[in-house]
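See structure below.
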2 protein chains.
Amino acid sequence: MDDPDYRKLVKETLFEVKDYTPGKSVEYVKRKYGLDRVIKLASNENSFGASRKAIEEFKKFEDLHIYPPSQPETLIHKISEYLGVEEDRIVLGAGIDGVLENIFKIFIERGDRVLLSPPTFPYYHILVRIFSGKEVECGRDENFRMTYSGEKFKLAIVCSPNNPTGNVERKEVVEDIIDSGGIVFIDEAYAEFSDENLLEFAEEENVIVARTLSKAFGLANMRVGYAVLPEWIKKLYLKVSTPFPLSTPAINSACAVLEDLDYLRWVVEEIKRERERVFRELSKHVKVYPSQANFLFARLDVSSRYLCELLMSKGVIIRDCSGFKGCRDGDIRVTIGRSDENSYFIEKFLEVMDEMGGGVDL
Amino acid sequence: MDDPDYRKLVKETLFEVKDYTPGKSVEYVKRKYGLDRVIKLASNENSFGASRKAIEEFKKFEDLHIYPPSQPETLIHKISEYLGVEEDRIVLGAGIDGVLENIFKIFIERGDRVLLSPPTFPYYHILVRIFSGKEVECGRDENFRMTYSGEKFKLAIVCSPNNPTGNVERKEVVEDIIDSGGIVFIDEAYAEFSDENLLEFAEEENVIVARTLSKAFGLANMRVGYAVLPEWIKKLYLKVSTPFPLSTPAINSACAVLEDLDYLRWVVEEIKRERERVFRELSKHVKVYPSQANFLFARLDVSSRYLCELLMSKGVIIRDCSGFKGCRDGDIRVTIGRSDENSYFIEKFLEVMDEMGGGVDL
C-alpha cells in the first residue's frame with residue numbers, strides 16, 4: 001500500500017515520466033508466438049557484430065574482483081588518435097547516456113531550461129524531468145531539420161544524425177544555437193554512418209560532442225561512450241562522474257575495436273549500401289525519409305502501433321515511434337541490419353501493410 | 001582558457017567538490033618504485049577472486065553488439081532466492097553507487113536535506129553536492145556508532161558496516177531515524193562479512209536496503225549492485241534508472257556467484273579469520289577498531305599521509321583516510337586480503353612505523 005506521506009517527498013517532475021515498460025526481447029517474441037526465427041531491428045544495434053579481435057580481448061579478462069580504472073589512459077589515447085583530438089579534452093562514460101547524465105549533473109537543477117527538438121531521443125525528456133529542469137522546445141522543418149528561433153536555454157541537446165528521424169542538422173543552425181550563450185551538447189551516436197559531422201564545434205568553450213562505440217563499432221553491450229569537450233568542463237566532469245563507468249573488459253574491447261578500423265569501414269559501407277536499398281524498396285510503398293544513420297524513419301498512413309504488433313507476430317521487431325514526443329501513430333523506425341535481415345523485414349512489412357489494407361501491391 | 005560566462009552556468013555546490021585525483025594502481029606503483037611485488041589493500045576488493053564458475057560464465061558471452069536487458073528477471077530471481085525477499089521489491093544498479101544515484105534522482109533537488117554521519121563513504125558527500133542538496137550531520141560515539149538526535153532530513157544514509165570504520169549501527173538508533181519521517185537508505189555493501197544486518201527494515205515503506213556483489217562475491221569489476229525497497233519506490237526507480245545499468249556478462253557472472261554459495265561462505269570465513277589475526281597483530285602496536293567488514297580502521301599517532309606514501313614505496317597500497325570528512329591525519333583503512341598479503345602488510349607496516357619513530361618494537 002502506498003503511503004501518501006512518503007510520496008510527497010518525490011520530485012514533482014517525475015510524475016510526468018511514464019511508467020517504465022521494457023522493450024520485447026527476441027526470446028520473448030519467440031516464446032509468445034512460437035517462432036523459430038525472430039529478428040530485432042528495433043534498437044539500432046549493429047547486426048554485423050564487433051570485430052573478432054574485440055571479442056578475443058574481452059574474453060582474456062579474468063580479474064572480476066578488481067575495480068576497473070576510472071578514466072583509463074590507454075582508451076583515451078586511442079580515442080584521441082582516432083579523432084585527432086587532444087587527450088585532455090576527452091572523457092569517458094557509460095554510453096552517451098552516461099556522458100549526458102554527467103553533463104546534467106554539472107549544469108541542470110530545478111527550473112533550468114533545456115532545449116530539445118522533438119521528435120528526438122526519448123531519454124532526453126526523461127533526464128530533464130529527473131533533474132527537475134524545464135523543457136524548451138525547438139522546432140523542426142518538414143524534413144525534421146532543426147529550426148532555431150532564439151529560444152533561451154542553459155543546455156541545448158542537438159542529436160545529429162537525429163534519432164529517430166535520421167537527418168543531420170545544418171551547421172548554420174547549430175552555430176546559432178552555440179552563439180546564444182548556453183551549453184550545447186551534440187549527440188553524434190551515429191556519426192560513423194554519416195557523410196557529415198559536427199565535431200569541429202567541439203573547439204568551442206561551450207560545446208560537448210559525444211560519440212559512442214555502441215553503434216558502428218558494435219559494442220552496445222559494453223556501453224562505451226565518450227565526449228570531446230573543453231578542458232574546464234572535463235575538470236567538472238571528473239568530479240561528478242560515477243567512480244567506475246566502464247568495466248575492464250569494456251575498456252579492453254573498446255581499445256581493440258579502435259585498432260581494427262578496416263573492419264569498421266567495411267561494416268559501415270555494408271550498412272550504408274543496405275540503407276539505400278531498403279530506402280528504395282520502402283519508398284515504392286510508403287513515405288520514408290533519407291537517413292545518415294543506421295536506421296530509417298517512415299511515416300505511414302496506418303497505425304504503427306498495430307503494424308508493429310502484427311510484424312512482431314511474424315518475427316520482426318521494429319520500433320513503433322507513436323509514443324515519441326513529436327511523433328504520431330504511423331511513425332516507425334527500423335534498424336538497417338544484415339542483408340538477409342533487411343530482406344526478411346521488407347517481405348514481412350509489405351505482407352502486414354497489405355493485410356492492414358495499406359494499399360500495398362505485392 | 002576558462003570563459004567566466006560559461007562557468008556561471010555550473011551548479012554552485014559543485015565548486016565545493018575537490019578536484020578528482022585517481023587512486024594509484026599496482027602498475028603505477030611498480031613502475032614508480034621499481035618493485036616486483038606490490039599488493040593493494042586500499043579498495044576493499046576481495047583478494048580471493050570470484051568463483052571460477054562466474055569467470056567461466058563471463059567468458060561465454062560473445063554478443064558484444066547486442067544491448068543487455070534492462071532489469072534482468074533471471075538475476076532478480078536469484079537475488080530474491082538468496083535473500084528470501086519478493087522479486088517485486090528488488091532493483092538492480094551499477095554498483096551501490098548506481099543504486100544510490102537513482103535514489104537521489106527520485107528524491108533530492110536543490111536545498112533538500114540529506115543526513116550523513118562522517119566519517120563515512122566519501123561518495124555520499126559528492127552526491128549531495130551533485131544534486132544541490134544540503135548536508136545535515138549526524139553524530140557518532142567514540143566507537144563510531146551513529147548517535148541520532150532528531151535532525152530533520154528528506155534522505156538519510158546509513159552505512160552498516162560503516163566504511164571506513166567497520167562498525168555496524170545499532171538497531172534502535174536506525175529505528176529512530178526510520179521513524180522520523182524521511183527516506184532512509186541503508187548501504188550494506190559489507191553485510192556478508194558481518195554477524196548482524198539491517199535487512200529486516202526493508203519491510204518499511206520508507207526504507208531502501210542496498211547490497212552489492214562487488215565485495216564478498218568478488219565481482220567489483222562488474223559493478224552489480226541491488227536493493228530491496230518498497231514497491232512504490234521500485235516503480236519510480238525504474239523510471240529514473242539508466243536504460244542498461246548492467247552488461248550481459250555482468251548479469252551472467254552475477255547469476256553464477258549466487259549459485260556458488262559454498263565458495264562465498266568459504267571466502268567469508270577466510271577473511272573473517274584473517275581479520276581477527278590482523279586485528280590482534282595491529283592491536284599490539286596501534287589503536288585499531290573492531291570491524292564487521294573486510295577491512296580494519298586504525299587511528300595512528302603519526303601522519304597517515306606520510307605513512308601511506310612510505311608503505312607504497314615498499315609495495316603496499318592502503319587507504320590514507322586523512323582526506324575523509326570526520327577523519328584526521330593518522331587515520332588509515334586497510335583491506336583484509338589473503339593470508340600472505342596480510343602478513344606482508346603487517347611486516348611492512350611495522351617497518352614503516354619504526355622508521356617514523358612510532359615507538360613500535362620490532
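If you're wondering about the labels, chains in the C-alpha cells are A, B, ... by order shown, residues count from 1 in each chain, ligands from 1 in order shown.
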Requested in this report: For Glu341 (chain A), list every protein, DNA or RNA residue within 10 Å, evaluated using only C-alpha atoms, and leave out those in the same chain fewer than 6 positions away; present the list as a list in words.
Outcome: Val38, Ile39, Lys40, Leu41, Ser47, Val316, Thr335 and Glu347 of chain A
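Every protein or nucleic acid residue with an atom no more than 12 Å from Glu309 (chain B), counting only C-alpha atoms and leaving out same-chain residues fewer than 5 positions away, appears here: Lys24, Val29, Lys32, Tyr33, Ser303, Ser304, Lys314, Gly315, Val316, Ile317, Ile318, Arg319, Asp320, Ile332, Phe349, Val352 and Met356 of chain B.
Excluding region 253-256 of chain A itself and same-chain residues fewer than 2 positions from it, the residues having an atom within 6 Å of it are Ala54, Glu57, Phe58, Leu75, Pro249, Ala250, Ile251, Leu258 and Glu259 of chain A, counting only C-alpha atoms.
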Could the residues in this selection be written to a file with all heavy atoms, as an mmCIF file, in the first residue's frame?
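Output saved as selection-v8.cif:
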```cif
data_model
loop_
_atom_site.group_PDB
_atom_site.id
_atom_site.type_symbol
_atom_site.label_atom_id
_atom_site.label_comp_id
_atom_site.auth_asym_id
_atom_site.auth_seq_id
_atom_site.Cartn_x
_atom_site.Cartn_y
_atom_site.Cartn_z
ATOM 1 N N ALA A 54 38.046 -7.745 -30.822
ATOM 2 C CA ALA A 54 37.461 -7.196 -29.598
ATOM 3 C C ALA A 54 36.881 -8.311 -28.735
ATOM 4 O O ALA A 54 37.021 -8.309 -27.504
ATOM 5 C CB ALA A 54 36.375 -6.184 -29.939
ATOM 6 N N GLU A 57 39.769 -9.989 -27.029
ATOM 7 C CA GLU A 57 40.282 -9.167 -25.912
ATOM 8 C C GLU A 57 39.346 -9.258 -24.714
ATOM 9 O O GLU A 57 39.774 -9.389 -23.571
ATOM 10 C CB GLU A 57 40.427 -7.702 -26.329
ATOM 11 C CG GLU A 57 41.698 -7.386 -27.074
ATOM 12 C CD GLU A 57 42.948 -7.861 -26.347
ATOM 13 O OE1 GLU A 57 43.079 -7.609 -25.136
ATOM 14 O OE2 GLU A 57 43.790 -8.516 -26.994
ATOM 15 N N PHE A 58 38.065 -9.171 -25.004
ATOM 16 C CA PHE A 58 37.045 -9.258 -23.962
ATOM 17 C C PHE A 58 37.212 -10.542 -23.147
ATOM 18 O O PHE A 58 37.171 -10.539 -21.922
ATOM 19 C CB PHE A 58 35.660 -9.200 -24.611
ATOM 20 C CG PHE A 58 34.547 -9.603 -23.705
ATOM 21 C CD1 PHE A 58 33.997 -8.674 -22.832
ATOM 22 C CD2 PHE A 58 34.070 -10.909 -23.688
ATOM 23 C CE1 PHE A 58 32.978 -9.042 -21.961
ATOM 24 C CE2 PHE A 58 33.058 -11.281 -22.823
ATOM 25 C CZ PHE A 58 32.520 -10.351 -21.959
ATOM 26 N N LEU A 75 42.640 3.894 -23.269
ATOM 27 C CA LEU A 75 41.469 4.081 -24.124
ATOM 28 C C LEU A 75 41.349 5.537 -24.564
ATOM 29 O O LEU A 75 41.061 5.827 -25.733
ATOM 30 C CB LEU A 75 40.201 3.623 -23.395
ATOM 31 C CG LEU A 75 38.892 3.808 -24.163
ATOM 32 C CD1 LEU A 75 38.939 3.168 -25.553
ATOM 33 C CD2 LEU A 75 37.717 3.243 -23.362
ATOM 34 N N PRO A 249 36.857 -5.266 -19.103
ATOM 35 C CA PRO A 249 36.631 -5.880 -20.424
ATOM 36 C C PRO A 249 36.016 -4.900 -21.429
ATOM 37 O O PRO A 249 36.294 -4.999 -22.632
ATOM 38 C CB PRO A 249 35.694 -7.051 -20.124
ATOM 39 C CG PRO A 249 35.239 -6.874 -18.715
ATOM 40 C CD PRO A 249 36.237 -6.035 -18.018
ATOM 41 N N ALA A 250 35.218 -3.961 -20.954
ATOM 42 C CA ALA A 250 34.679 -2.936 -21.856
ATOM 43 C C ALA A 250 35.821 -2.071 -22.387
ATOM 44 O O ALA A 250 35.903 -1.776 -23.585
ATOM 45 C CB ALA A 250 33.651 -2.069 -21.131
ATOM 46 N N ILE A 251 36.729 -1.696 -21.497
ATOM 47 C CA ILE A 251 37.884 -0.887 -21.901
ATOM 48 C C ILE A 251 38.750 -1.655 -22.903
ATOM 49 O O ILE A 251 39.143 -1.134 -23.947
ATOM 50 C CB ILE A 251 38.722 -0.504 -20.657
ATOM 51 C CG1 ILE A 251 37.906 0.414 -19.734
ATOM 52 C CG2 ILE A 251 40.047 0.154 -21.063
ATOM 53 C CD1 ILE A 251 38.447 0.508 -18.303
ATOM 54 N N LEU A 258 39.039 0.014 -31.791
ATOM 55 C CA LEU A 258 39.681 1.223 -32.322
ATOM 56 C C LEU A 258 40.983 0.898 -33.050
ATOM 57 O O LEU A 258 41.560 1.741 -33.730
ATOM 58 C CB LEU A 258 39.929 2.232 -31.197
ATOM 59 C CG LEU A 258 38.655 2.916 -30.667
ATOM 60 C CD1 LEU A 258 38.920 3.601 -29.331
ATOM 61 C CD2 LEU A 258 38.112 3.917 -31.680
ATOM 62 N N GLU A 259 41.447 -0.337 -32.884
ATOM 63 C CA GLU A 259 42.635 -0.781 -33.621
ATOM 64 C C GLU A 259 42.261 -1.520 -34.903
ATOM 65 O O GLU A 259 43.132 -1.878 -35.681
ATOM 66 C CB GLU A 259 43.474 -1.715 -32.738
ATOM 67 C CG GLU A 259 44.401 -0.966 -31.820
ATOM 68 C CD GLU A 259 44.974 -1.866 -30.743
ATOM 69 O OE1 GLU A 259 44.849 -3.105 -30.843
ATOM 70 O OE2 GLU A 259 45.544 -1.309 -29.785
#
```
Requested in this report: Give the residues of chain A that lie within 6 Å of chain B; count only C-alpha atoms, and format the answer as a list in words.
Outcome: Val10, Lys11, Tyr20, Asn46, Gly49, Ala50, Lys59, Leu64, His65, Ile66, Tyr67, Pro68, Lys105, Ile106, Phe107, Ile130, Gly218, Leu219, Ala220, Asn221, Leu238, Lys239 and Ser247 of chain A
Report task. Enumerate the residues of region 243-278 of chain A with a DSSP assignment of helix (DSSP H, G or I), computed from the backbone, and present them as a list in words. Result -> Thr248, Pro249, Ala250, Ile251, Asn252, Ser253, Ala254, Cys255, Ala256, Val257, Leu258, Leu261, Asp262, Tyr263, Leu264, Arg265, Trp266, Val267, Val268, Glu269, Glu270, Ile271, Lys272, Arg273, Glu274, Arg275, Glu276, Arg277 and Val278 of chain A
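Compared by their closest atoms to Leu300 (chain A), and using only C-alpha atoms, the residues A:Gly150, A:Gly357, A:Gly337, A:Pro119 rank with A:Gly357 nearest.
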Query - Shell of 9 Å around Arg140 (chain A), only C-alpha atoms, local chain residues under 6 positions omitted, as a ChimeraX atom specification - result: /A:117-119,146-148
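For the atom pair formed by CA of Ala189 (chain A) and CA of Arg211 (chain A), the distance is 4.9 Å, given to one decimal.
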Requested in this report: as a PyMOL selection string, please: all residues of region 248-359 of chain B that backbone DSSP puts in strand (DSSP E).
Outcome: chain B and resi 287-289+295-299+316-320+331-335
Report task. Would you list the contacts of Arg170 (chain B) as a list in words, taking every protein, DNA or RNA residue within 9 Å and counting only C-alpha atoms, but skipping same-chain residues closer than 4 positions in sequence? Result -> Arg145, Met146, Val174 and Glu175 of chain B
Save the residues we just selected, N, CA and C atoms, as a PDB file, in the first residue's frame?
```pdb
ATOM      1  N   ARG B 145      29.757   4.623  16.430  1.00  0.00           N
ATOM      2  CA  ARG B 145      28.360   4.243  16.216  1.00  0.00           C
ATOM      3  C   ARG B 145      27.500   5.504  16.147  1.00  0.00           C
ATOM      4  N   MET B 146      26.572   5.513  15.200  1.00  0.00           N
ATOM      5  CA  MET B 146      25.730   6.698  14.998  1.00  0.00           C
ATOM      6  C   MET B 146      24.932   7.017  16.256  1.00  0.00           C
ATOM      7  N   VAL B 174      18.894   3.151  14.332  1.00  0.00           N
ATOM      8  CA  VAL B 174      18.387   3.123  12.956  1.00  0.00           C
ATOM      9  C   VAL B 174      16.864   3.242  12.965  1.00  0.00           C
ATOM     10  N   GLU B 175      16.236   2.607  13.950  1.00  0.00           N
ATOM     11  CA  GLU B 175      14.778   2.667  14.078  1.00  0.00           C
ATOM     12  C   GLU B 175      14.317   4.111  14.329  1.00  0.00           C
TER      13      GLU B 175
END
```
**Report entry** Two-atom distance - CA of Arg275 (chain B), CA of Phe193 (chain B) (Å)
**Finding:** 10.0 Å
Query raised in the report: Contacts of Leu350 (chain A) at 12 Å or less, counting only C-alpha atoms, minus same-chain residues fewer than 3 places along, as a PyMOL selection string?
Result: chain A and resi 281-286+307+310-311+314+343-347+353-362
Would you mind exporting the chosen residues as a CSV table (one decimal), in the first residue's frame, restricted to C-alpha atoms?
```csv
chain,number,residue,atom,x,y,z
A,281,GLU,CA,12.3,-0.6,-51.6
A,282,LEU,CA,10.2,1.2,-48.9
A,283,SER,CA,9.9,4.4,-51.0
A,284,LYS,CA,7.9,2.5,-53.6
A,285,HIS,CA,5.2,2.0,-51.0
A,286,VAL,CA,5.4,4.4,-48.1
A,307,LEU,CA,1.6,-2.7,-37.5
A,310,LEU,CA,1.5,-7.7,-36.4
A,311,LEU,CA,5.1,-7.6,-37.6
A,314,LYS,CA,5.6,-12.6,-37.8
A,343,SER,CA,15.0,-8.6,-46.9
A,344,TYR,CA,13.1,-10.5,-44.3
A,345,PHE,CA,11.8,-7.2,-42.8
A,346,ILE,CA,10.8,-5.9,-46.2
A,347,GLU,CA,8.9,-9.1,-47.0
A,353,MET,CA,0.8,-3.5,-44.9
A,354,ASP,CA,-1.3,-5.5,-47.3
A,355,GLU,CA,-3.2,-7.2,-44.5
A,356,MET,CA,-3.9,-3.8,-43.0
A,357,GLY,CA,-5.3,-2.5,-46.2
A,358,GLY,CA,-2.4,-0.1,-46.6
A,359,GLY,CA,-2.8,-0.3,-50.4
A,360,VAL,CA,0.5,-2.1,-51.0
A,361,ASP,CA,0.8,-4.0,-54.2
A,362,LEU,CA,2.7,-7.3,-53.7
```
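Residue nearest Val128 (chain B), chosen from B:Pro290, B:Arg89, B:Val228, B:Leu116 and counting only C-alpha atoms: B:Leu116.
Going from CA of Glu86 (chain B) over to CA of Asn163 (chain B), you cover 28.2 Å.
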